[in-house]
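> The structure's right below; bear with me while I get my questions together.
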Amino acid sequence: MNTSGWIDLQVNGFLGVDFSSPELTLEGIRRMTAALLERGTSAYCPTLVTCDPAVYARNLPLLAQAMRDPGLGAHIPGIHLEGPFLTMKSRGAH
């Protein structure tokens with residue numbers, strides 16, 4: 001991991017790229033990562049907010065693919081999940 005810049009532990013999205021969007025693409029992740037690097041953020045954790053389980057099923061494998069990508073992986077040390085993963089008793093509380 002390149003730690004010569006800022007490390008942001010919670011990035012929901014940037015420049016029109018939303019990690020919780022059902023339209024998320026690898027190209028969008030590349031574009032956003034390049035823009036963050038230009039602005040001094042060397043690594044970040046993509047964050048998915050509370051959303052439909054189908055979005056998790058689609059986007060988590062896509063983010064895992066980005067983490068294995070030689071050009072992206074050094075900048076994505078992990079994935080941050082919000083929402084029902086915090087408490088199932090008080091849904092939506094986070």
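Simple scheme: letters A, B, ... for chains in structure tokens order, numbers from 1 for residues in each chain, numbers from 1 for ligands in the order shown.
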Quick one: residues within 8 Å of A:Ile7, only C-alpha atoms, excluding same-chain residues fewer than 5 positions away - as a PDB file with N, CA, C and O atoms, in the first residue's frame?

ATOM      1  N   THR A  41      -4.783  11.861  -1.732  1.00  0.00           N
ATOM      2  CA  THR A  41      -5.237  10.685  -0.992  1.00  0.00           C
ATOM      3  C   THR A  41      -4.635   9.455  -1.656  1.00  0.00           C
ATOM      4  O   THR A  41      -4.969   9.138  -2.790  1.00  0.00           O
ATOM      5  N   SER A  42      -3.740   8.782  -0.946  1.00  0.00           N
ATOM      6  CA  SER A  42      -3.037   7.652  -1.551  1.00  0.00           C
ATOM      7  C   SER A  42      -3.772   6.328  -1.367  1.00  0.00           C
ATOM      8  O   SER A  42      -3.529   5.377  -2.109  1.00  0.00           O
ATOM      9  N   ALA A  43      -4.656   6.245  -0.379  1.00  0.00           N
ATOM     10  CA  ALA A  43      -5.423   5.020  -0.150  1.00  0.00           C
ATOM     11  C   ALA A  43      -6.758   5.380   0.485  1.00  0.00           C
ATOM     12  O   ALA A  43      -6.871   6.389   1.175  1.00  0.00           O
ATOM     13  N   TYR A  44      -7.749   4.526   0.258  1.00  0.00           N
ATOM     14  CA  TYR A  44      -9.076   4.781   0.811  1.00  0.00           C
ATOM     15  C   TYR A  44      -9.845   3.473   0.916  1.00  0.00           C
ATOM     16  O   TYR A  44      -9.531   2.489   0.245  1.00  0.00           O
TER      17      TYR A  44
END
> Select from chain A everything DSSP, run on the backbone, classes as helix (DSSP H, G or I), then give the selection as a count of residues only.
32
> Write out as an mmCIF file with N, CA and C atoms, in the first residue's frame all residues of chain A that backbone DSSP assigns to strand (DSSP E).

data_model
loop_
_atom_site.group_PDB
_atom_site.id
_atom_site.type_symbol
_atom_site.label_atom_id
_atom_site.label_comp_id
_atom_site.auth_asym_id
_atom_site.auth_seq_id
_atom_site.Cartn_x
_atom_site.Cartn_y
_atom_site.Cartn_z
ATOM 1 N N TRP A 6 -2.640 10.981 2.142
ATOM 2 C CA TRP A 6 -3.724 10.753 3.083
ATOM 3 C C TRP A 6 -4.319 9.368 2.882
ATOM 4 N N ILE A 7 -4.827 8.793 3.965
ATOM 5 C CA ILE A 7 -5.576 7.542 3.905
ATOM 6 C C ILE A 7 -6.970 7.842 4.454
ATOM 7 N N ASP A 8 -7.979 7.675 3.624
ATOM 8 C CA ASP A 8 -9.366 7.975 4.009
ATOM 9 C C ASP A 8 -10.086 6.661 4.278
ATOM 10 N N LEU A 9 -10.562 6.474 5.498
ATOM 11 C CA LEU A 9 -11.176 5.219 5.899
ATOM 12 C C LEU A 9 -12.642 5.087 5.510
ATOM 13 N N GLN A 10 -13.240 6.158 4.983
ATOM 14 C CA GLN A 10 -14.659 6.106 4.617
ATOM 15 C C GLN A 10 -14.932 7.024 3.441
ATOM 16 N N VAL A 11 -14.987 6.448 2.259
ATOM 17 C CA VAL A 11 -15.309 7.208 1.050
ATOM 18 C C VAL A 11 -16.567 6.598 0.444
ATOM 19 N N GLY A 13 -18.213 7.984 -2.059
ATOM 20 C CA GLY A 13 -18.146 8.238 -3.483
ATOM 21 C C GLY A 13 -17.478 9.570 -3.741
ATOM 22 N N PHE A 14 -17.285 9.867 -5.017
ATOM 23 C CA PHE A 14 -16.600 11.101 -5.406
ATOM 24 C C PHE A 14 -16.760 11.272 -6.902
ATOM 25 N N VAL A 17 -19.208 9.073 -8.762
ATOM 26 C CA VAL A 17 -19.083 7.638 -8.535
ATOM 27 C C VAL A 17 -19.594 7.359 -7.128
ATOM 28 N N ASP A 18 -20.560 6.464 -7.012
ATOM 29 C CA ASP A 18 -21.177 6.123 -5.730
ATOM 30 C C ASP A 18 -21.011 4.620 -5.517
ATOM 31 N N THR A 41 -4.783 11.861 -1.732
ATOM 32 C CA THR A 41 -5.237 10.685 -0.992
ATOM 33 C C THR A 41 -4.635 9.455 -1.656
ATOM 34 N N SER A 42 -3.740 8.782 -0.946
ATOM 35 C CA SER A 42 -3.037 7.652 -1.551
ATOM 36 C C SER A 42 -3.772 6.328 -1.367
ATOM 37 N N ALA A 43 -4.656 6.245 -0.379
ATOM 38 C CA ALA A 43 -5.423 5.020 -0.150
ATOM 39 C C ALA A 43 -6.758 5.380 0.485
ATOM 40 N N TYR A 44 -7.749 4.526 0.258
ATOM 41 C CA TYR A 44 -9.076 4.781 0.811
ATOM 42 C C TYR A 44 -9.845 3.473 0.916
ATOM 43 N N CYS A 45 -10.860 3.469 1.775
ATOM 44 C CA CYS A 45 -11.774 2.338 1.902
ATOM 45 C C CYS A 45 -13.108 2.714 1.273
ATOM 46 N N PRO A 46 -13.472 2.091 0.151
ATOM 47 C CA PRO A 46 -14.787 2.332 -0.428
ATOM 48 C C PRO A 46 -15.861 1.951 0.596
ATOM 49 N N THR A 47 -16.896 2.786 0.713
ATOM 50 C CA THR A 47 -17.928 2.578 1.716
ATOM 51 C C THR A 47 -19.276 2.347 1.059
ATOM 52 N N LEU A 48 -19.938 1.282 1.468
ATOM 53 C CA LEU A 48 -21.318 1.042 1.047
ATOM 54 C C LEU A 48 -22.220 1.353 2.228
ATOM 55 N N HIS A 80 -15.399 -0.672 3.573
ATOM 56 C CA HIS A 80 -16.130 -0.242 4.758
ATOM 57 C C HIS A 80 -17.623 -0.451 4.506
ATOM 58 N N LEU A 81 -18.274 -1.232 5.376
ATOM 59 C CA LEU A 81 -19.710 -1.472 5.256
ATOM 60 C C LEU A 81 -20.435 -0.768 6.397
#
> Quick one, how far is atom CA of A:Met32 from atom CA of A:Gln65?
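Rounded to one decimal, the two atoms are 15.4 Å apart.
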> Measuring atom to atom with only C-alpha atoms, identify which of A:Thr33, A:Glu38, A:Glu23, A:Pro53 is nearest to A:Ile76.
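Under the stated criterion, the closest residue is A:Thr33.
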> Counting only C-alpha atoms, figure out which residue out of A:Leu36, A:Ser21, A:Gly16, A:Ser4 gets nearest to A:Ala57.
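Nearest candidate to A:Ala57 out of A:Leu36, A:Ser21, A:Gly16, A:Ser4: A:Ser21.
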> Quick one: residues within 9 Å of A:Arg30, only C-alpha atoms counted, chain neighbours fewer than 5 positions away excluded, as a list of chain:residue names?
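Close residues of A:Arg30: A:Thr25, A:Ala35, A:Ala66, A:Gly71, A:Leu72.
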> For those residues, write N, CA, C and O atoms to a file as an mmCIF file, in the first residue's frame.

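Result file follows (part10.cif):
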data_model
loop_
_atom_site.group_PDB
_atom_site.id
_atom_site.type_symbol
_atom_site.label_atom_id
_atom_site.label_comp_id
_atom_site.auth_asym_id
_atom_site.auth_seq_id
_atom_site.Cartn_x
_atom_site.Cartn_y
_atom_site.Cartn_z
ATOM 1 N N THR A 25 -19.135 0.908 -11.723
ATOM 2 C CA THR A 25 -18.319 0.196 -12.699
ATOM 3 C C THR A 25 -16.858 0.239 -12.282
ATOM 4 O O THR A 25 -16.433 1.120 -11.527
ATOM 5 N N ALA A 35 -8.471 10.497 -9.438
ATOM 6 C CA ALA A 35 -8.769 11.849 -8.947
ATOM 7 C C ALA A 35 -8.376 12.006 -7.482
ATOM 8 O O ALA A 35 -7.848 13.057 -7.082
ATOM 9 N N ALA A 66 -11.459 -4.817 -7.961
ATOM 10 C CA ALA A 66 -10.623 -3.607 -7.973
ATOM 11 C C ALA A 66 -9.440 -3.763 -7.030
ATOM 12 O O ALA A 66 -8.326 -3.328 -7.349
ATOM 13 N N GLY A 71 -3.317 -1.806 -10.834
ATOM 14 C CA GLY A 71 -3.297 -0.354 -10.791
ATOM 15 C C GLY A 71 -4.121 0.251 -9.659
ATOM 16 O O GLY A 71 -3.958 1.419 -9.327
ATOM 17 N N LEU A 72 -4.998 -0.547 -9.067
ATOM 18 C CA LEU A 72 -5.901 -0.036 -8.035
ATOM 19 C C LEU A 72 -5.628 -0.619 -6.654
ATOM 20 O O LEU A 72 -5.824 0.054 -5.647
#
